[in-house]
file query.csv (CSV, C-alpha atoms)
chain,number,residue,atom,x,y,z
A,1,MET,CA,3.9,-14.6,-40.4
A,2,LYS,CA,6.6,-12.1,-40.8
A,3,LYS,CA,4.4,-9.6,-39.0
A,4,ILE,CA,4.0,-12.0,-36.1
A,5,THR,CA,7.7,-12.5,-35.8
A,6,GLN,CA,8.2,-8.7,-35.8
A,7,LEU,CA,5.5,-8.3,-33.1
A,8,ALA,CA,7.1,-11.0,-31.0
A,9,LEU,CA,10.4,-9.3,-31.4
A,10,VAL,CA,9.0,-6.0,-30.3
A,11,LEU,CA,7.3,-7.6,-27.4
A,12,GLY,CA,10.5,-9.4,-26.5
A,13,VAL,CA,12.4,-6.2,-26.5
A,14,ALA,CA,9.8,-4.5,-24.5
A,15,ALA,CA,9.7,-7.4,-22.0
A,16,SER,CA,13.4,-7.4,-21.5
A,17,GLY,CA,13.2,-3.6,-21.2
A,18,TYR,CA,10.9,-4.1,-18.3
A,19,ALA,CA,13.1,-6.6,-16.7
A,20,LEU,CA,16.1,-4.3,-16.9
A,21,ALA,CA,14.6,-1.1,-15.7
A,22,SER,CA,16.7,0.1,-12.9
A,23,PRO,CA,15.1,1.6,-9.8
A,24,GLU,CA,16.7,4.9,-10.8
A,25,ALA,CA,15.1,4.8,-14.3
A,26,ASP,CA,11.8,3.8,-12.6
A,27,ARG,CA,12.0,6.7,-10.3
A,28,ALA,CA,12.8,9.3,-13.0
A,29,ALA,CA,9.9,8.0,-15.1
A,30,PHE,CA,7.6,8.1,-12.1
A,31,GLU,CA,8.4,11.7,-11.2
A,32,ASN,CA,8.2,12.7,-14.8
A,33,PHE,CA,4.8,11.2,-15.1
A,34,TYR,CA,3.4,13.4,-12.4
A,35,GLU,CA,5.3,16.5,-13.4
A,36,LYS,CA,3.8,16.2,-16.9
A,37,ARG,CA,0.3,15.5,-15.6
A,38,PHE,CA,0.3,18.4,-13.1
A,39,PRO,CA,2.6,21.0,-14.6
A,40,GLN,CA,0.9,23.6,-12.3
A,41,VAL,CA,2.3,22.0,-9.2
A,42,THR,CA,5.4,23.8,-8.0
A,43,GLU,CA,8.6,21.9,-7.3
A,44,GLY,CA,8.4,19.9,-4.1
A,45,ASP,CA,4.7,20.6,-3.4
A,46,PHE,CA,3.6,17.0,-4.1
A,47,ILE,CA,4.3,16.3,-0.5
A,48,ASN,CA,1.0,18.0,0.3
A,49,GLY,CA,-1.0,15.2,-1.4
A,50,VAL,CA,-4.3,16.0,-3.0
A,51,TYR,CA,-4.0,19.6,-1.8
A,52,SER,CA,-1.1,20.1,-4.2
A,53,ILE,CA,-3.6,19.8,-7.1
A,54,LEU,CA,-6.8,21.2,-5.5
A,55,PRO,CA,-6.4,24.9,-4.8
A,56,ALA,CA,-10.0,25.2,-3.5
A,57,ALA,CA,-9.6,22.5,-0.8
A,58,ARG,CA,-6.1,23.7,0.0
A,59,GLU,CA,-7.3,26.9,1.7
A,60,GLN,CA,-9.5,25.0,4.2
A,61,TRP,CA,-6.6,22.5,4.8
A,62,GLU,CA,-4.2,25.3,5.5
A,63,ALA,CA,-6.6,26.7,8.0
A,64,ILE,CA,-6.7,23.3,9.7
A,65,GLU,CA,-2.9,23.1,9.7
A,66,GLU,CA,-2.8,26.3,11.8
A,67,PHE,CA,-4.2,24.4,14.8
A,68,PRO,CA,-3.1,21.0,13.7
A,69,PRO,CA,-5.2,18.0,14.9
A,70,TYR,CA,-2.0,15.9,15.3
A,71,GLU,CA,-0.5,18.2,17.9
A,72,VAL,CA,-1.7,16.1,20.8
A,73,ALA,CA,-0.2,13.0,19.2
A,74,ILE,CA,3.2,14.7,19.0
A,75,GLU,CA,3.0,15.5,22.7
A,76,ASP,CA,1.9,12.0,23.6
A,77,GLY,CA,4.6,10.6,21.4
A,78,GLU,CA,7.3,12.7,23.0
A,79,GLU,CA,6.3,11.5,26.4
A,80,LEU,CA,6.2,7.8,25.3
A,81,TYR,CA,9.6,8.3,23.6
A,82,ASN,CA,11.1,9.3,26.9
A,83,THR,CA,9.1,7.0,29.2
A,84,VAL,CA,11.3,4.6,31.1
A,85,PHE,CA,10.8,0.8,30.4
A,86,ALA,CA,10.7,-1.7,33.3
A,87,ASN,CA,14.4,-2.3,32.6
A,88,GLY,CA,15.3,1.4,33.1
A,89,LYS,CA,15.9,2.1,29.4
A,90,SER,CA,13.6,3.9,27.0
A,91,LEU,CA,13.0,4.4,23.3
A,92,ALA,CA,15.5,7.3,23.5
A,93,ASP,CA,18.2,4.8,24.2
A,94,CYS,CA,17.6,3.0,20.9
A,95,PHE,CA,18.0,6.1,18.7
A,96,ASP,CA,20.7,8.7,18.8
A,97,THR,CA,18.0,11.3,18.0
A,98,PRO,CA,14.3,11.2,17.5
A,99,ALA,CA,14.8,12.8,14.0
A,100,GLN,CA,15.0,9.5,12.3
A,101,ARG,CA,12.8,9.7,9.2
A,102,GLU,CA,15.6,10.1,6.7
A,103,ASN,CA,17.0,6.7,7.8
A,104,TYR,CA,13.9,4.8,6.9
A,105,PRO,CA,12.8,2.6,5.3
A,106,TYR,CA,16.1,0.8,4.6
A,107,TRP,CA,17.2,-2.6,3.4
A,108,ASP,CA,18.8,-4.5,6.3
A,109,ALA,CA,21.1,-6.9,4.4
A,110,ASP,CA,22.0,-8.9,7.5
A,111,ARG,CA,18.4,-9.7,8.3
A,112,GLY,CA,17.3,-9.8,4.7
A,113,LYS,CA,14.4,-7.4,5.1
A,114,VAL,CA,13.1,-3.9,4.8
A,115,VAL,CA,13.0,-2.1,8.1
A,116,THR,CA,10.5,0.8,8.5
A,117,MET,CA,10.8,3.4,11.3
A,118,GLU,CA,7.7,1.9,13.0
A,119,MET,CA,9.3,-1.5,12.9
A,120,ALA,CA,12.4,-0.1,14.5
A,121,ILE,CA,10.3,1.5,17.3
A,122,ASN,CA,8.6,-1.8,18.1
A,123,GLU,CA,11.9,-3.8,17.8
A,124,CYS,CA,13.4,-1.4,20.4
A,125,ARG,CA,10.5,-2.2,22.7
A,126,VAL,CA,10.8,-5.9,22.3
A,127,ALA,CA,14.5,-5.8,22.7
A,128,ASN,CA,13.9,-4.2,26.1
A,129,GLY,CA,11.4,-6.7,27.2
A,130,GLU,CA,8.3,-4.6,26.4
A,131,LYS,CA,5.3,-5.6,24.3
A,132,PRO,CA,5.3,-4.2,20.7
A,133,TYR,CA,2.7,-1.5,20.1
A,134,LYS,CA,-0.3,-2.2,17.8
A,135,THR,CA,0.7,-1.4,14.3
A,136,LYS,CA,-1.9,0.9,12.8
A,137,LYS,CA,-2.8,3.6,15.4
A,138,GLY,CA,-2.5,4.6,19.0
A,139,ALA,CA,0.8,4.7,20.7
A,140,LEU,CA,2.8,3.7,17.7
A,141,ALA,CA,1.3,6.5,15.6
A,142,ALA,CA,2.0,8.9,18.4
A,143,VAL,CA,5.7,8.0,18.7
A,144,SER,CA,5.9,8.0,15.0
A,145,ALA,CA,4.2,11.5,14.9
A,146,TYR,CA,6.8,12.9,17.4
A,147,MET,CA,9.7,11.4,15.5
A,148,SER,CA,8.3,12.6,12.2
A,149,TYR,CA,7.8,16.1,13.6
A,150,GLU,CA,11.4,16.2,14.8
A,151,SER,CA,12.5,15.0,11.3
A,152,ARG,CA,10.6,17.7,9.3
A,153,GLY,CA,12.6,19.1,6.5
A,154,GLN,CA,14.8,16.0,6.0
A,155,MET,CA,15.1,14.8,2.5
A,156,ILE,CA,13.6,11.5,1.3
A,157,ASN,CA,16.7,9.6,0.2
A,158,VAL,CA,15.9,5.8,0.2
A,159,GLN,CA,18.8,3.6,-1.0
A,160,ILE,CA,18.2,0.6,-3.1
A,161,PRO,CA,21.5,-1.4,-3.2
A,162,THR,CA,21.1,-2.7,-6.8
A,163,ASP,CA,23.9,-5.2,-6.3
A,164,ASP,CA,22.0,-6.9,-3.4
A,165,ALA,CA,19.6,-9.5,-4.9
A,166,GLY,CA,17.5,-9.4,-1.7
A,167,ALA,CA,17.1,-5.6,-1.8
A,168,MET,CA,16.1,-5.7,-5.5
A,169,ALA,CA,13.6,-8.5,-4.8
A,170,ALA,CA,12.0,-6.4,-2.0
A,171,TYR,CA,11.9,-3.3,-4.2
A,172,ASN,CA,10.4,-5.3,-7.1
A,173,ALA,CA,7.8,-6.9,-4.8
A,174,GLY,CA,6.7,-3.5,-3.6
A,175,LYS,CA,6.6,-2.2,-7.1
A,176,GLU,CA,4.5,-5.2,-8.2
A,177,ILE,CA,1.9,-4.5,-5.4
A,178,PHE,CA,1.6,-0.9,-6.6
A,179,TYR,CA,0.9,-1.9,-10.2
A,180,THR,CA,-1.2,-5.0,-9.8
A,181,LYS,CA,-5.0,-5.0,-9.8
A,182,ARG,CA,-6.5,-6.5,-6.7
A,183,GLY,CA,-9.8,-7.2,-5.0
A,184,GLN,CA,-13.2,-7.9,-6.4
A,185,LEU,CA,-13.3,-4.4,-7.8
A,186,ASN,CA,-10.1,-5.1,-9.7
A,187,PHE,CA,-8.1,-1.9,-9.1
A,188,ALA,CA,-4.4,-1.3,-8.9
A,189,CYS,CA,-2.9,1.5,-6.7
A,190,SER,CA,-1.7,2.9,-10.0
A,191,ASP,CA,-5.2,2.9,-11.5
A,192,CYS,CA,-6.3,5.4,-8.9
A,193,HIS,CA,-3.1,7.2,-7.8
A,194,MET,CA,-1.3,7.4,-11.1
A,195,TYR,CA,-3.7,7.1,-14.1
A,196,GLY,CA,-6.6,8.3,-12.1
A,197,SER,CA,-4.8,11.0,-10.1
A,198,GLY,CA,-6.7,14.3,-10.2
A,199,LEU,CA,-10.0,12.4,-11.1
A,200,ASN,CA,-12.8,11.7,-8.6
A,201,ALA,CA,-13.7,8.5,-6.9
A,202,ARG,CA,-17.1,9.3,-5.4
A,203,ALA,CA,-16.6,12.5,-3.2
A,204,ASP,CA,-12.8,12.3,-3.2
A,205,THR,CA,-10.2,13.5,-5.7
A,206,MET,CA,-7.4,10.9,-6.0
A,207,SER,CA,-4.0,12.1,-5.0
A,208,PRO,CA,-0.8,11.6,-7.0
A,209,ALA,CA,1.4,8.9,-5.5
A,210,PHE,CA,4.5,11.0,-6.0
A,211,GLY,CA,4.8,12.4,-2.4
A,212,HIS,CA,2.6,9.7,-0.9
A,213,ALA,CA,5.2,8.6,1.7
A,214,SER,CA,6.3,12.1,2.9
A,215,HIS,CA,3.9,13.0,5.7
A,216,TRP,CA,3.1,10.0,8.0
A,217,PRO,CA,1.5,9.4,10.3
A,218,VAL,CA,-1.7,11.3,9.4
A,219,TYR,CA,-4.6,12.7,11.4
A,220,ARG,CA,-7.6,11.8,9.3
A,221,SER,CA,-10.9,13.4,9.9
A,222,LYS,CA,-12.6,10.2,8.8
A,223,TRP,CA,-10.7,8.2,11.5
A,224,GLN,CA,-11.0,11.0,14.1
A,225,ALA,CA,-7.5,9.8,15.0
A,226,MET,CA,-4.0,9.2,13.8
A,227,GLY,CA,-3.1,6.4,11.5
A,228,THR,CA,0.1,5.0,10.1
A,229,LEU,CA,0.9,4.7,6.4
A,230,HIS,CA,0.2,1.0,6.6
A,231,ARG,CA,-3.2,1.7,8.0
A,232,ARG,CA,-3.9,3.8,4.9
A,233,PHE,CA,-2.6,1.0,2.6
A,234,ALA,CA,-5.0,-1.4,4.3
A,235,GLY,CA,-7.9,1.0,3.9
A,236,CYS,CA,-7.3,1.4,0.2
A,237,MET,CA,-7.0,-2.3,-0.3
A,238,THR,CA,-10.2,-2.9,1.7
A,239,ASN,CA,-12.0,-0.3,-0.5
A,240,VAL,CA,-11.3,-2.4,-3.6
A,241,ARG,CA,-12.5,-5.5,-1.6
A,242,ALA,CA,-9.1,-7.1,-1.4
A,243,LYS,CA,-8.0,-8.6,1.9
A,244,PRO,CA,-5.4,-6.2,3.2
A,245,PHE,CA,-1.9,-7.4,4.2
A,246,LYS,CA,-0.7,-7.2,7.7
A,247,ALA,CA,0.5,-3.7,8.9
A,248,GLN,CA,4.3,-3.8,9.3
A,249,GLY,CA,4.4,-7.2,7.6
A,250,THR,CA,6.7,-7.9,4.6
A,251,GLU,CA,4.3,-6.9,1.9
A,252,TYR,CA,3.6,-3.4,3.2
A,253,ALA,CA,7.2,-2.9,4.2
A,254,ASN,CA,8.2,-3.6,0.6
A,255,LEU,CA,5.5,-1.4,-0.7
A,256,GLU,CA,6.7,1.4,1.5
A,257,TYR,CA,10.2,0.8,0.3
A,258,PHE,CA,9.2,1.2,-3.3
A,259,LEU,CA,6.8,4.1,-2.7
A,260,THR,CA,9.2,6.1,-0.5
A,261,TYR,CA,12.0,5.6,-3.0
A,262,MET,CA,9.7,6.9,-5.8
A,263,SER,CA,9.6,10.2,-3.8
A,264,ASN,CA,13.3,10.5,-3.3
A,265,GLY,CA,14.3,14.2,-3.5
A,266,LEU,CA,11.1,15.4,-1.8
A,267,GLU,CA,11.0,16.5,1.8
A,268,PHE,CA,9.6,14.7,4.8
A,269,ASN,CA,6.8,16.8,6.3
A,270,GLY,CA,5.0,14.6,8.7
A,271,PRO,CA,2.8,14.3,10.6
A,272,GLY,CA,0.0,15.4,8.3
A,273,ALA,CA,-3.7,16.1,8.3
A,274,ARG,CA,-6.1,14.8,5.7
A,275,LYS,CA,-9.8,14.5,5.2
B,1,MET,CA,-8.6,-7.9,-17.9
B,2,ILE,CA,-12.2,-7.3,-16.9
B,3,LYS,CA,-13.3,-9.3,-19.9
B,4,GLY,CA,-10.9,-12.1,-18.8
B,5,LEU,CA,-12.3,-12.0,-15.3
B,6,VAL,CA,-15.9,-12.2,-16.6
B,7,GLY,CA,-14.8,-15.1,-18.8
B,8,ALA,CA,-13.4,-16.9,-15.8
B,9,ILE,CA,-16.5,-16.4,-13.8
B,10,ALA,CA,-18.7,-17.5,-16.7
B,11,LEU,CA,-16.5,-20.6,-17.1
B,12,SER,CA,-16.6,-21.6,-13.5
B,13,ALA,CA,-20.4,-21.0,-13.5
B,14,ALA,CA,-20.8,-23.4,-16.4
B,15,PHE,CA,-18.5,-25.9,-14.6
B,16,VAL,CA,-20.6,-25.8,-11.4
B,17,ALA,CA,-23.8,-26.3,-13.4
B,18,GLN,CA,-22.3,-29.2,-15.3
B,19,ALA,CA,-20.5,-30.9,-12.5
B,20,GLY,CA,-23.5,-30.8,-10.3
B,21,GLY,CA,-21.3,-31.7,-7.4
B,22,SER,CA,-22.6,-31.8,-3.8
B,23,VAL,CA,-22.8,-28.6,-1.8
B,24,GLU,CA,-20.0,-29.9,0.4
B,25,SER,CA,-17.7,-30.5,-2.5
B,26,ILE,CA,-18.4,-27.1,-4.0
B,27,ILE,CA,-17.7,-25.5,-0.6
B,28,ASP,CA,-14.4,-27.5,-0.4
B,29,GLN,CA,-13.4,-26.3,-3.8
B,30,ALA,CA,-14.2,-22.7,-2.8
B,31,ILE,CA,-12.1,-23.1,0.3
B,32,ALA,CA,-9.2,-24.6,-1.7
B,33,ALA,CA,-9.3,-21.8,-4.3
B,34,ASN,CA,-9.5,-19.1,-1.7
B,35,LYS,CA,-6.5,-20.6,0.0
B,36,GLU,CA,-4.6,-20.6,-3.2
B,37,ALA,CA,-5.6,-16.9,-3.8
B,38,LYS,CA,-4.4,-16.1,-0.3
B,39,SER,CA,-1.0,-17.8,-0.8
B,40,LEU,CA,-0.7,-15.7,-4.0
B,41,GLY,CA,-1.5,-12.5,-2.0
B,42,TYR,CA,-4.8,-12.0,-3.9
B,43,GLU,CA,-7.5,-13.0,-1.5
B,44,TRP,CA,-10.7,-10.9,-1.8
B,45,ASN,CA,-12.2,-9.7,1.4
B,46,VAL,CA,-15.7,-10.9,0.4
B,47,THR,CA,-14.9,-14.6,-0.3
B,48,GLY,CA,-14.4,-15.8,3.3
B,49,LYS,CA,-17.7,-14.4,4.3
B,50,ALA,CA,-19.4,-15.9,1.3
B,51,ILE,CA,-18.0,-19.4,2.2
B,52,LYS,CA,-19.2,-19.0,5.8
B,53,ALA,CA,-22.7,-18.0,4.5
B,54,ALA,CA,-22.8,-21.2,2.4
B,55,GLN,CA,-21.7,-23.3,5.3
B,56,ALA,CA,-24.4,-21.7,7.5
B,57,ALA,CA,-27.1,-22.4,5.0
B,58,LEU,CA,-26.0,-26.0,4.7
B,59,LYS,CA,-26.0,-26.4,8.4
B,60,ALA,CA,-29.5,-24.9,8.6
B,61,GLY,CA,-30.6,-27.5,6.1
B,62,ASP,CA,-31.5,-25.1,3.3
B,63,SER,CA,-29.8,-27.0,0.5
B,64,ALA,CA,-31.1,-24.9,-2.4
B,65,GLU,CA,-29.8,-21.7,-0.7
B,66,ALA,CA,-26.6,-23.4,0.3
B,67,MET,CA,-26.0,-24.5,-3.3
B,68,LYS,CA,-26.5,-21.0,-4.6
B,69,LEU,CA,-24.2,-19.4,-2.0
B,70,ALA,CA,-21.5,-22.1,-2.4
B,71,ALA,CA,-21.5,-21.6,-6.2
B,72,HIS,CA,-21.2,-17.8,-5.6
B,73,ALA,CA,-18.3,-18.3,-3.2
B,74,LYS,CA,-16.6,-20.6,-5.6
B,75,TYR,CA,-16.8,-18.1,-8.5
B,76,MET,CA,-15.2,-15.4,-6.4
B,77,ALA,CA,-12.5,-17.7,-5.1
B,78,GLU,CA,-11.6,-18.9,-8.6
B,79,ALA,CA,-11.8,-15.4,-10.1
B,80,SER,CA,-9.3,-14.2,-7.5
B,81,VAL,CA,-6.9,-17.0,-8.5
B,82,TYR,CA,-7.5,-16.1,-12.1
B,83,GLN,CA,-6.8,-12.4,-11.3
B,84,ALA,CA,-3.5,-13.4,-9.6
B,85,ASN,CA,-2.3,-15.4,-12.5
B,86,ASP,CA,-3.4,-12.8,-15.1
B,87,GLU,CA,-1.8,-9.9,-13.2
B,88,ALA,CA,1.5,-11.7,-12.9
B,89,ASN,CA,1.8,-11.1,-16.6
B,90,MET,CA,-0.1,-7.8,-17.0
B,91,TRP,CA,1.2,-5.4,-14.4
B,92,GLN,CA,4.5,-4.5,-16.1
B,93,MET,CA,2.5,-2.8,-18.8
B,94,ARG,CA,1.4,-0.1,-16.3
B,95,VAL,CA,4.9,0.9,-15.3
B,96,PRO,CA,5.7,4.3,-16.9
B,97,LYS,CA,8.9,4.3,-18.9

call {"tool": "encode", "arguments": {"input": "query.csv", "output": "structure tokens"}}
result
Amino acid sequence: MKKITQLALVLGVAASGYALASPEADRAAFENFYEKRFPQVTEGDFINGVYSILPAAREQWEAIEEFPPYEVAIEDGEELYNTVFANGKSLADCFDTPAQRENYPYWDADRGKVVTMEMAINECRVANGEKPYKTKKGALAAVSAYMSYESRGQMINVQIPTDDAGAMAAYNAGKEIFYTKRGQLNFACSDCHMYGSGLNARADTMSPAFGHASHWPVYRSKWQAMGTLHRRFAGCMTNVRAKPFKAQGTEYANLEYFLTYMSNGLEFNGPGARK
Amino acid sequence: MIKGLVGAIALSAAFVAQAGGSVESIIDQAIAANKEAKSLGYEWNVTGKAIKAAQAALKAGDSAEAMKLAAHAKYMAEASVYQANDEANMWQMRVPK
């Protein structure tokens, strides 16, 4: 009986410990997890995804990066960014500079939601009487590629205002998605990209999640095209036979908020190329 | 967790066998459970298709096949609800400290 009480006490303490973990403590533990697991990775190199831990594949990838497959998307994106809408304005009128990555995702307290850069692009279009772009590929990925390219070298520095209950709820909702098992195959993001990182799933080595948000959108050989971060989220959820959430919907915006915050201190290096 | 899931599936299988409900009512239960899973954010991408397959077999008049497919759809829908409830308590354990 005494043992049970003690156990309950320990669990109770542990549980309240969970509840109290601040985003900053989460972030430090997250980074520490990967630095311990992959001591060979030099500082800042986790932004290169699975290539940060696979020297053999890296050479081939670096050769690809010399003639990057996302170059066309950057050019298309620049054109779209400056294309005049029916009302005479353009995307360029909504942003003071295309180098916007460091400002996203952010918690918009007035509207009570996380805003991603891709959302802001579409909101600009809608505000000017244009249709929003489709959210996973195509024009949105191209504009995003151009803006990411212009933002290269900016630091990831997502803010979680801990005194704002809405922001904390969004952060915690994103965190919960990352750590919960889903789908018929019963996998959490963390099963593969944290505890399984560096191991193989079929033909692929699973990348560390530290650095996951740095390099979007991505040209993926498998897609033969560009895709947004939310396209990738959806693909990973589909792979475990879960119904994916909507790209640019609340769930993925919250997940992006959490995941990008976890990489604070790393550089933005998008757009990227992946297998 | 996997054990729990298997348990839930075994339980619901036993329930179907005992209840011996009509195919229609089992399909309705599958639909209801799948809706609940969806509202919890835990819908599986295989369940909707399984429900449709059961409905198609029923419509085609193959009641034995429809019963089998309906029961399968119901297990999956209920297992996904079980997963949602179980995960609500489990996930914090995976957060590194």

call {"tool": "interface_residues", "arguments": {"input": "query.csv", "of": "chain A", "to": "chain B", "cutoff": "10 Å", "atoms": "all atoms listed in the file", "output": "PDB file with C-alpha atoms, keeping the file's coordinate frame"}}
result
ATOM      1  CA  ALA A  14       9.800  -4.500 -24.500  1.00  0.00           C
ATOM      2  CA  ALA A  15       9.700  -7.400 -22.000  1.00  0.00           C
ATOM      3  CA  GLY A  17      13.200  -3.600 -21.200  1.00  0.00           C
ATOM      4  CA  TYR A  18      10.900  -4.100 -18.300  1.00  0.00           C
ATOM      5  CA  ALA A  19      13.100  -6.600 -16.700  1.00  0.00           C
ATOM      6  CA  ALA A  21      14.600  -1.100 -15.700  1.00  0.00           C
ATOM      7  CA  ALA A  25      15.100   4.800 -14.300  1.00  0.00           C
ATOM      8  CA  ASP A  26      11.800   3.800 -12.600  1.00  0.00           C
ATOM      9  CA  ARG A  27      12.000   6.700 -10.300  1.00  0.00           C
ATOM     10  CA  ALA A  28      12.800   9.300 -13.000  1.00  0.00           C
ATOM     11  CA  ALA A  29       9.900   8.000 -15.100  1.00  0.00           C
ATOM     12  CA  PHE A  30       7.600   8.100 -12.100  1.00  0.00           C
ATOM     13  CA  GLU A  31       8.400  11.700 -11.200  1.00  0.00           C
ATOM     14  CA  ASN A  32       8.200  12.700 -14.800  1.00  0.00           C
ATOM     15  CA  PHE A  33       4.800  11.200 -15.100  1.00  0.00           C
ATOM     16  CA  LYS A 175       6.600  -2.200  -7.100  1.00  0.00           C
ATOM     17  CA  GLU A 176       4.500  -5.200  -8.200  1.00  0.00           C
ATOM     18  CA  ILE A 177       1.900  -4.500  -5.400  1.00  0.00           C
ATOM     19  CA  PHE A 178       1.600  -0.900  -6.600  1.00  0.00           C
ATOM     20  CA  TYR A 179       0.900  -1.900 -10.200  1.00  0.00           C
ATOM     21  CA  THR A 180      -1.200  -5.000  -9.800  1.00  0.00           C
ATOM     22  CA  LYS A 181      -5.000  -5.000  -9.800  1.00  0.00           C
ATOM     23  CA  ARG A 182      -6.500  -6.500  -6.700  1.00  0.00           C
ATOM     24  CA  GLY A 183      -9.800  -7.200  -5.000  1.00  0.00           C
ATOM     25  CA  GLN A 184     -13.200  -7.900  -6.400  1.00  0.00           C
ATOM     26  CA  LEU A 185     -13.300  -4.400  -7.800  1.00  0.00           C
ATOM     27  CA  ASN A 186     -10.100  -5.100  -9.700  1.00  0.00           C
ATOM     28  CA  ALA A 188      -4.400  -1.300  -8.900  1.00  0.00           C
ATOM     29  CA  SER A 190      -1.700   2.900 -10.000  1.00  0.00           C
ATOM     30  CA  ASP A 191      -5.200   2.900 -11.500  1.00  0.00           C
ATOM     31  CA  MET A 194      -1.300   7.400 -11.100  1.00  0.00           C
ATOM     32  CA  TYR A 195      -3.700   7.100 -14.100  1.00  0.00           C
ATOM     33  CA  MET A 237      -7.000  -2.300  -0.300  1.00  0.00           C
ATOM     34  CA  THR A 238     -10.200  -2.900   1.700  1.00  0.00           C
ATOM     35  CA  ASN A 239     -12.000  -0.300  -0.500  1.00  0.00           C
ATOM     36  CA  VAL A 240     -11.300  -2.400  -3.600  1.00  0.00           C
ATOM     37  CA  ARG A 241     -12.500  -5.500  -1.600  1.00  0.00           C
ATOM     38  CA  ALA A 242      -9.100  -7.100  -1.400  1.00  0.00           C
ATOM     39  CA  LYS A 243      -8.000  -8.600   1.900  1.00  0.00           C
ATOM     40  CA  PRO A 244      -5.400  -6.200   3.200  1.00  0.00           C
ATOM     41  CA  PHE A 245      -1.900  -7.400   4.200  1.00  0.00           C
ATOM     42  CA  GLU A 251       4.300  -6.900   1.900  1.00  0.00           C
TER      43      GLU A 251
END

call {"tool": "atom_distance", "arguments": {"input": "query.csv", "atom1": "CA of Trp216 in chain A", "atom2": "CA of Gly272 in chain A"}}
result
6.2 Å

call {"tool": "residues_around", "arguments": {"input": "query.csv", "residues": "Gly227 in chain A", "least_positions_apart": "3", "cutoff": "12 Å", "atoms": "all atoms listed in the file", "output": "VMD selection string"}}
result
chain A and resid 70 73 118 134 to 145 215 to 224 230 to 235 247 270 to 274

call {"tool": "atom_distance", "arguments": {"input": "query.csv", "atom1": "CA of Glu78 in chain B", "atom2": "CA of Ser63 in chain B"}}
result
21.9 Å

call {"tool": "closest_residue", "arguments": {"input": "query.csv", "among": "A:Cys236, A:Ala169, A:Ala86, A:Met117", "to": "His193 in chain A", "atoms": "all atoms listed in the file"}}
result
A:Cys236

call {"tool": "closest_residue", "arguments": {"input": "query.csv", "among": "B:Leu58, B:Ala53, B:Ala32, B:Met67", "to": "Val81 in chain B", "atoms": "only C-alpha atoms"}}
result
B:Ala32

call {"tool": "residues_near_point", "arguments": {"input": "query.csv", "point": "(-13.8, -24.8, -1.8)", "cutoff": "10 Å", "atoms": "only C-alpha atoms", "output": "tab-separated table (two decimals) with C-alpha atoms, in the coordinates of the input"}}
result
chain	number	residue	atom	x	y	z
B	23	VAL	CA	-22.80	-28.60	-1.80
B	24	GLU	CA	-20.00	-29.90	0.40
B	25	SER	CA	-17.70	-30.50	-2.50
B	26	ILE	CA	-18.40	-27.10	-4.00
B	27	ILE	CA	-17.70	-25.50	-0.60
B	28	ASP	CA	-14.40	-27.50	-0.40
B	29	GLN	CA	-13.40	-26.30	-3.80
B	30	ALA	CA	-14.20	-22.70	-2.80
B	31	ILE	CA	-12.10	-23.10	0.30
B	32	ALA	CA	-9.20	-24.60	-1.70
B	33	ALA	CA	-9.30	-21.80	-4.30
B	34	ASN	CA	-9.50	-19.10	-1.70
B	35	LYS	CA	-6.50	-20.60	0.00
B	51	ILE	CA	-18.00	-19.40	2.20
B	70	ALA	CA	-21.50	-22.10	-2.40
B	71	ALA	CA	-21.50	-21.60	-6.20
B	73	ALA	CA	-18.30	-18.30	-3.20
B	74	LYS	CA	-16.60	-20.60	-5.60
B	75	TYR	CA	-16.80	-18.10	-8.50
B	77	ALA	CA	-12.50	-17.70	-5.10
B	78	GLU	CA	-11.60	-18.90	-8.60

call {"tool": "atom_distance", "arguments": {"input": "query.csv", "atom1": "CA of Asp96 in chain A", "atom2": "CA of Tyr81 in chain A"}}
result
12.1 Å

call {"tool": "closest_residue", "arguments": {"input": "query.csv", "among": "A:Glu79, A:Gln159, A:Pro39, A:Tyr34", "to": "Leu91 in chain A", "atoms": "only C-alpha atoms"}}
result
A:Glu79

call {"tool": "residues_around", "arguments": {"input": "query.csv", "residues": "Glu150 in chain A", "least_positions_apart": "6", "cutoff": "10 Å", "atoms": "all atoms listed in the file", "output": "CSV table (one decimal) with C-alpha atoms, keeping the file's coordinate frame"}}
result
chain,number,residue,atom,x,y,z
A,74,ILE,CA,3.2,14.7,19.0
A,78,GLU,CA,7.3,12.7,23.0
A,97,THR,CA,18.0,11.3,18.0
A,98,PRO,CA,14.3,11.2,17.5
A,99,ALA,CA,14.8,12.8,14.0
A,100,GLN,CA,15.0,9.5,12.3
A,101,ARG,CA,12.8,9.7,9.2
A,144,SER,CA,5.9,8.0,15.0
A,269,ASN,CA,6.8,16.8,6.3
A,270,GLY,CA,5.0,14.6,8.7
A,271,PRO,CA,2.8,14.3,10.6
